[in-house]
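Have a look at target27.csv; it's CSV, C-alpha atoms:
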```
chain,number,residue,atom,x,y,z
A,1,MET,CA,135.1,88.4,101.7
A,2,THR,CA,132.8,90.7,103.7
A,3,ILE,CA,132.1,94.4,103.7
A,4,ALA,CA,131.5,96.8,106.5
A,5,PRO,CA,128.0,96.9,107.8
A,6,GLU,CA,128.0,100.7,107.5
A,7,VAL,CA,128.5,100.3,103.8
A,8,SER,CA,125.5,98.0,103.5
A,9,PHE,CA,123.4,100.4,105.6
A,10,GLU,CA,124.3,103.4,103.5
A,11,THR,CA,123.5,101.5,100.3
A,12,LEU,CA,120.1,100.5,101.7
A,13,LYS,CA,119.4,104.1,102.8
A,14,ARG,CA,119.9,105.1,99.2
A,15,GLU,CA,117.5,102.4,98.0
A,16,LEU,CA,114.8,102.8,100.6
A,17,PRO,CA,113.1,105.9,99.2
A,18,ALA,CA,112.2,104.1,95.9
A,19,ALA,CA,111.1,101.0,97.8
A,20,THR,CA,109.0,103.1,100.2
A,21,ASP,CA,107.3,104.8,97.2
A,22,TYR,CA,106.6,101.5,95.5
A,23,VAL,CA,105.2,99.7,98.6
A,24,ALA,CA,103.0,102.7,99.4
A,25,ALA,CA,101.5,102.7,95.9
A,26,ALA,CA,101.2,98.8,95.8
A,27,SER,CA,99.5,98.6,99.3
A,28,VAL,CA,102.4,96.5,100.6
A,29,THR,CA,103.7,96.9,104.1
A,30,LEU,CA,107.4,97.6,104.6
A,31,ASP,CA,108.8,97.5,108.2
A,32,ASP,CA,112.3,99.0,108.5
A,33,THR,CA,111.9,100.2,112.0
A,34,SER,CA,114.6,98.0,113.4
A,35,LEU,CA,117.1,98.7,110.5
A,36,THR,CA,120.5,99.9,111.7
A,37,ALA,CA,124.0,99.4,110.6
A,38,HIS,CA,124.2,96.6,113.1
A,39,ASN,CA,120.8,95.0,112.3
A,40,LEU,CA,120.5,95.0,108.6
A,41,ARG,CA,117.1,93.3,108.5
A,42,LEU,CA,113.8,94.6,107.2
A,43,TYR,CA,110.4,93.0,106.7
A,44,VAL,CA,107.7,93.1,104.1
A,45,GLN,CA,104.2,91.8,104.4
A,46,LEU,CA,102.5,90.5,101.3
A,47,VAL,CA,99.1,88.9,100.7
A,48,ASN,CA,98.2,86.1,98.3
A,49,ALA,CA,95.2,85.8,96.0
A,50,HIS,CA,92.9,85.0,99.0
A,51,GLY,CA,94.1,87.8,101.2
A,52,GLU,CA,96.2,85.5,103.3
A,53,PRO,CA,99.3,87.4,104.7
A,54,PHE,CA,102.9,86.2,104.3
A,55,TYR,CA,106.0,87.8,105.9
A,56,VAL,CA,109.3,88.2,104.2
A,57,GLU,CA,112.6,88.9,105.9
A,58,PHE,CA,115.5,90.6,104.1
A,59,ASP,CA,118.9,90.3,105.7
A,60,PHE,CA,121.3,92.7,104.0
A,61,ALA,CA,124.6,91.6,105.6
A,62,ASP,CA,127.4,92.2,103.1
A,63,TYR,CA,125.1,93.9,100.6
A,64,PRO,CA,125.6,94.9,97.8
A,65,LEU,CA,128.7,92.8,97.4
A,66,TYR,CA,126.4,89.8,97.9
A,67,PRO,CA,122.6,89.6,97.6
A,68,PRO,CA,120.5,89.6,100.7
A,69,THR,CA,119.2,86.5,102.4
A,70,VAL,CA,115.5,86.5,101.7
A,71,GLU,CA,113.2,84.2,103.6
A,72,PHE,CA,109.6,83.8,104.5
A,73,VAL,CA,109.2,84.0,108.3
A,74,SER,CA,106.5,83.9,110.9
A,75,LYS,CA,104.5,87.1,111.8
A,76,ASP,CA,106.7,87.6,114.9
A,77,HIS,CA,109.9,86.9,112.9
A,78,THR,CA,110.9,84.1,115.2
A,79,GLU,CA,110.3,81.1,112.9
A,80,ARG,CA,111.9,80.7,109.5
A,81,GLY,CA,112.8,78.2,106.8
A,82,THR,CA,109.7,76.0,107.2
A,83,LYS,CA,107.5,75.1,104.3
A,84,ARG,CA,104.3,76.3,105.9
A,85,LEU,CA,105.6,79.8,106.0
A,86,TYR,CA,105.9,79.8,102.2
A,87,PRO,CA,103.2,80.4,99.6
A,88,GLN,CA,102.6,77.8,97.0
A,89,GLY,CA,104.6,78.1,93.9
A,90,PHE,CA,108.1,78.6,95.4
A,91,HIS,CA,110.9,76.0,95.4
A,92,PRO,CA,110.1,73.2,97.8
A,93,THR,CA,113.5,73.3,99.6
A,94,PRO,CA,111.8,75.8,100.7
A,95,CYS,CA,113.6,78.7,99.0
A,96,ILE,CA,112.9,81.8,97.0
A,97,CYS,CA,114.9,80.6,94.0
A,98,MET,CA,116.1,83.9,92.5
A,99,ARG,CA,119.6,85.3,92.1
A,100,TYR,CA,118.8,88.1,94.5
A,101,ASN,CA,118.5,85.5,97.4
A,102,ARG,CA,121.7,84.3,98.9
A,103,LYS,CA,119.9,81.2,100.2
A,104,ALA,CA,119.4,80.0,96.6
A,105,TYR,CA,123.1,79.4,96.1
A,106,SER,CA,124.5,75.9,96.7
A,107,GLU,CA,127.5,77.4,98.6
A,108,ARG,CA,124.8,78.6,101.1
A,109,GLY,CA,122.9,75.4,101.1
A,110,GLY,CA,120.5,76.3,98.2
A,111,PRO,CA,119.7,74.4,95.0
A,112,HIS,CA,121.8,76.5,92.6
A,113,GLY,CA,125.3,75.2,92.0
A,114,ASP,CA,125.2,76.9,88.6
A,115,TRP,CA,125.2,80.4,90.0
A,116,ARG,CA,128.0,82.5,91.5
A,117,LEU,CA,127.2,84.9,94.3
A,118,LEU,CA,129.2,87.7,92.7
A,119,ASP,CA,126.9,87.5,89.7
A,120,TRP,CA,123.8,88.0,91.7
A,121,ARG,CA,122.7,91.1,89.6
A,122,LEU,CA,122.4,89.0,86.4
A,123,PRO,CA,118.8,88.3,85.3
A,124,THR,CA,117.2,84.9,86.2
A,125,GLY,CA,116.4,83.4,82.8
A,126,ASN,CA,115.6,86.1,80.3
A,127,GLY,CA,113.8,88.3,82.8
A,128,VAL,CA,114.5,91.7,84.3
A,129,ALA,CA,117.7,91.8,86.4
A,130,ILE,CA,116.3,92.1,89.9
A,131,ASP,CA,119.1,94.3,91.5
A,132,THR,CA,117.4,96.7,93.9
A,133,LEU,CA,115.2,96.3,96.9
A,134,SER,CA,112.2,97.8,95.1
A,135,LEU,CA,112.6,95.3,92.3
A,136,MET,CA,112.9,92.4,94.8
A,137,ILE,CA,109.7,93.5,96.5
A,138,SER,CA,107.9,93.9,93.1
A,139,ASP,CA,109.0,90.4,92.1
A,140,LEU,CA,107.8,88.8,95.3
A,141,HIS,CA,104.6,90.9,95.3
A,142,SER,CA,103.8,89.6,91.9
A,143,LYS,CA,104.5,86.0,92.8
A,144,VAL,CA,102.7,86.0,96.1
A,145,ARG,CA,99.7,87.8,94.6
A,146,HIS,CA,99.2,84.9,92.2
A,147,SER,CA,99.6,82.2,94.8
A,148,THR,CA,96.5,80.6,96.3
A,149,GLY,CA,97.7,78.8,99.3
A,150,ARG,CA,100.5,77.6,101.5
A,151,MET,CA,103.2,75.2,100.6
A,152,PRO,CA,102.1,71.7,101.9
B,1,MET,CA,84.3,121.5,90.2
B,2,ASN,CA,82.2,118.7,91.6
B,3,THR,CA,81.7,115.2,90.1
B,4,GLU,CA,78.6,116.1,88.2
B,5,GLN,CA,80.2,119.2,86.7
B,6,THR,CA,83.3,117.1,85.7
B,7,GLN,CA,81.0,114.6,84.0
B,8,ASP,CA,79.2,117.4,82.2
B,9,VAL,CA,82.5,118.8,80.9
B,10,ARG,CA,83.5,115.3,79.6
B,11,ALA,CA,80.1,114.9,77.9
B,12,GLN,CA,80.5,118.3,76.3
B,13,GLN,CA,84.0,117.5,75.1
B,14,GLN,CA,82.9,114.2,73.7
B,15,GLU,CA,79.9,115.8,72.0
B,16,HIS,CA,82.3,118.2,70.3
B,17,GLY,CA,84.5,115.4,69.1
B,18,LYS,CA,87.4,116.1,71.5
B,19,PRO,CA,88.7,113.0,73.2
B,20,HIS,CA,88.7,113.1,77.0
B,21,ILE,CA,92.3,113.0,78.1
B,22,VAL,CA,93.5,111.6,81.5
B,23,ARG,CA,96.8,112.2,83.1
B,24,LEU,CA,98.0,109.3,85.1
B,25,ARG,CA,100.7,108.6,87.6
B,26,VAL,CA,102.4,105.2,87.4
B,27,GLN,CA,104.7,104.0,90.2
B,28,THR,CA,107.3,101.6,89.1
B,29,PRO,CA,110.2,99.9,91.0
B,30,ARG,CA,112.5,102.3,89.2
B,31,GLY,CA,110.5,105.4,90.0
B,32,LEU,CA,107.4,107.4,89.3
B,33,TRP,CA,106.1,108.3,85.9
B,34,SER,CA,104.0,111.4,85.8
B,35,VAL,CA,103.5,114.6,83.8
B,36,THR,CA,106.7,115.9,85.5
B,37,GLU,CA,108.7,112.8,86.5
B,38,PRO,CA,111.2,111.7,85.6
B,39,PRO,CA,112.3,115.0,84.1
B,40,ASP,CA,114.0,113.4,81.1
B,41,ALA,CA,111.1,111.1,80.1
B,42,THR,CA,110.5,110.9,76.4
B,43,LYS,CA,106.7,110.5,76.9
B,44,ARG,CA,104.2,111.5,79.4
B,45,PRO,CA,101.2,109.5,80.8
B,46,GLU,CA,98.5,111.5,79.1
B,47,TYR,CA,96.0,109.4,77.3
B,48,PRO,CA,92.6,109.4,75.7
B,49,VAL,CA,90.3,107.3,77.8
B,50,SER,CA,89.9,104.9,74.9
B,51,THR,CA,93.5,103.9,75.3
B,52,LYS,CA,94.1,100.2,76.1
B,53,ILE,CA,96.0,99.3,79.3
B,54,GLU,CA,98.5,97.4,77.2
B,55,GLN,CA,99.6,100.7,75.6
B,56,VAL,CA,100.2,102.3,79.0
B,57,ILE,CA,102.3,99.2,80.0
B,58,LEU,CA,104.4,99.5,76.8
B,59,ASP,CA,105.0,103.2,77.3
B,60,VAL,CA,106.0,102.9,81.0
B,61,ARG,CA,108.3,100.0,80.2
B,62,SER,CA,109.9,102.2,77.5
B,63,VAL,CA,110.4,105.2,79.8
B,64,PHE,CA,112.0,103.1,82.5
B,65,LYS,CA,113.9,100.7,80.1
B,66,PHE,CA,112.2,97.5,81.1
B,67,VAL,CA,113.2,95.9,77.8
B,68,GLU,CA,113.2,92.3,78.8
B,69,GLN,CA,110.4,90.4,77.1
B,70,ASP,CA,110.4,87.4,79.4
B,71,SER,CA,109.3,89.2,82.5
B,72,LYS,CA,105.7,89.6,83.6
B,73,TYR,CA,104.5,93.2,83.6
B,74,THR,CA,101.2,94.0,85.2
B,75,LEU,CA,99.4,97.3,85.8
B,76,LEU,CA,97.6,97.5,89.1
B,77,ARG,CA,95.2,100.0,90.7
B,78,GLY,CA,95.6,99.2,94.3
B,79,ASP,CA,94.9,95.4,94.5
B,80,GLU,CA,93.1,95.4,91.2
B,81,VAL,CA,94.8,93.9,88.2
B,82,LEU,CA,94.0,95.9,85.0
B,83,GLU,CA,93.5,93.6,82.0
B,84,PRO,CA,95.7,94.7,79.1
B,85,GLN,CA,92.9,94.5,76.4
B,86,ARG,CA,90.5,96.7,78.3
B,87,THR,CA,90.5,100.5,78.0
B,88,LEU,CA,91.1,103.2,80.7
B,89,ALA,CA,87.5,104.2,80.3
B,90,SER,CA,86.2,100.7,81.1
B,91,TYR,CA,87.9,101.1,84.5
B,92,LYS,CA,86.6,104.6,84.9
B,93,ILE,CA,90.1,105.8,85.5
B,94,ASP,CA,90.2,109.5,86.4
B,95,ASP,CA,92.8,112.3,86.1
B,96,GLY,CA,95.6,111.8,88.6
B,97,THR,CA,94.9,108.2,89.3
B,98,LEU,CA,97.9,106.4,90.7
B,99,LEU,CA,98.7,103.0,89.1
B,100,VAL,CA,101.5,100.5,89.8
B,101,LEU,CA,103.6,98.7,87.4
B,102,SER,CA,104.4,95.3,88.9
B,103,VAL,CA,107.5,93.6,87.5
B,104,GLN,CA,108.2,89.9,87.9
B,105,GLY,CA,111.6,88.6,87.1
B,106,GLY,CA,112.2,85.3,85.3
B,107,ASN,CA,111.9,81.9,87.0
B,108,ALA,CA,114.9,79.7,87.8
```
Would you encode the structure as structure tokens?
Amino acid sequence: MTIAPEVSFETLKRELPAATDYVAAASVTLDDTSLTAHNLRLYVQLVNAHGEPFYVEFDFADYPLYPPTVEFVSKDHTERGTKRLYPQGFHPTPCICMRYNRKAYSERGGPHGDWRLLDWRLPTGNGVAIDTLSLMISDLHSKVRHSTGRMP
Amino acid sequence: MNTEQTQDVRAQQQEHGKPHIVRLRVQTPRGLWSVTEPPDATKRPEYPVSTKIEQVILDVRSVFKFVEQDSKYTLLRGDEVLEPQRTLASYKIDDGTLLVLSVQGGNA
């Protein structure tokens, strides 16, 4: 099942103002300059406890029916899925192991066979349900801020 | 009013037993908390400077219904993490200061 990219784009446009306000206050960089209905990707730059930058790509294809695919990538966005692009503290697959990341589900090659994609808005554990772009950014911002290095 | 005058006013207020009140702005992933936003908020971020950071966290969570206990809630000023047991005064937080509520979900 898929949904029209225009629907994903409109959903994101509704969520972007809150995300933009949040990143501005939190000194996080959000790059949505290439975002269109036909390129549903945006990027966030975060820094760890030592000020080292990390780059996150969100691909919102089929959003909000399914969660985005969230991945640490290289600064120029050409390299992805390698451990050295991830901060310490994330799943060593490597993977951002949260329900809001499509890559975490076993049906997409991730470690979680116990989750269903359609339930992606449920909380992970007993925490807050991370179900909007600004909450996804806040969650990653918190985790990367506490990290002190790169995944070996 | 310049900085020295502001400090004089605070000193006079404290001498007369009136607590110095600061009005904050707190950006959360669900919106801004201020003296006007959100319009239906049941409390406003107006605090005596002796208030602990943990009280501000509790209040902003209540306004935006962050009820889950197992998440990590942190108040930031820019890159600076504000310790829950310290007071607003200890960070010299002024009227209109913008803080950020960082919300971390649970771990898988």
For this session: Using all atoms listed in the file, find which residues of chain B lie within 9 Å of chain A and jot them down as JSON, numbers by chain.
Result: {"B": [26, 27, 28, 29, 30, 31, 32, 66, 67, 68, 69, 70, 71, 72, 74, 76, 77, 78, 79, 98, 99, 100, 101, 102, 103, 104, 105, 106, 107, 108]}
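Note that the spacing between CA of Leu40 in chain A and CA of Phe9 in chain A amounts to 6.8 Å.
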Problem set entry | Between CA of Pro64 in chain A and CA of Thr2 in chain A - distance in Å to one decimal |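 Pair CA of Thr2 in chain A / CA of Pro64 in chain A returns 10.2 Å.
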For this session: For Cys95 in chain A, work out the shell of residues within 8 Å, counting all atoms listed in the file and skipping chain neighbours fewer than 6 positions away, then give it as a PyMOL selection string.
Result: chain A and resi 71+81+103-104+110
For this session: Calculate how many Å separate CA of Ser90 in chain B from CA of Asp59 in chain B, rounding to one decimal.
Result: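 It comes out at 19.3 Å.
Nearest to Leu82 in chain B of all the residues B:Gly96, B:Gln55, B:Pro48, B:Phe64 is B:Gln55, based on only C-alpha atoms.
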Report as a PDB file with C-alpha atoms, in the frame of the given file all protein, DNA and RNA residues lying within 12 Å of Thr33 in chain A, evaluated on only C-alpha atoms, omitting residues in the same chain fewer than 6 positions from it.
```pdb
ATOM      1  CA  ASN A  39     120.800  95.000 112.300  1.00  0.00           C
ATOM      2  CA  LEU A  40     120.500  95.000 108.600  1.00  0.00           C
ATOM      3  CA  ARG A  41     117.100  93.300 108.500  1.00  0.00           C
ATOM      4  CA  LEU A  42     113.800  94.600 107.200  1.00  0.00           C
ATOM      5  CA  TYR A  43     110.400  93.000 106.700  1.00  0.00           C
ATOM      6  CA  VAL A  44     107.700  93.100 104.100  1.00  0.00           C
TER       7      VAL A  44
END
```
Problem set entry | Pick from A:Thr29, A:Thr36, A:Thr82, A:Thr93 nearest to Pro111 in chain A, counting all atoms listed in the file |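 Nearest candidate to Pro111 in chain A out of A:Thr29, A:Thr36, A:Thr82, A:Thr93: A:Thr93.
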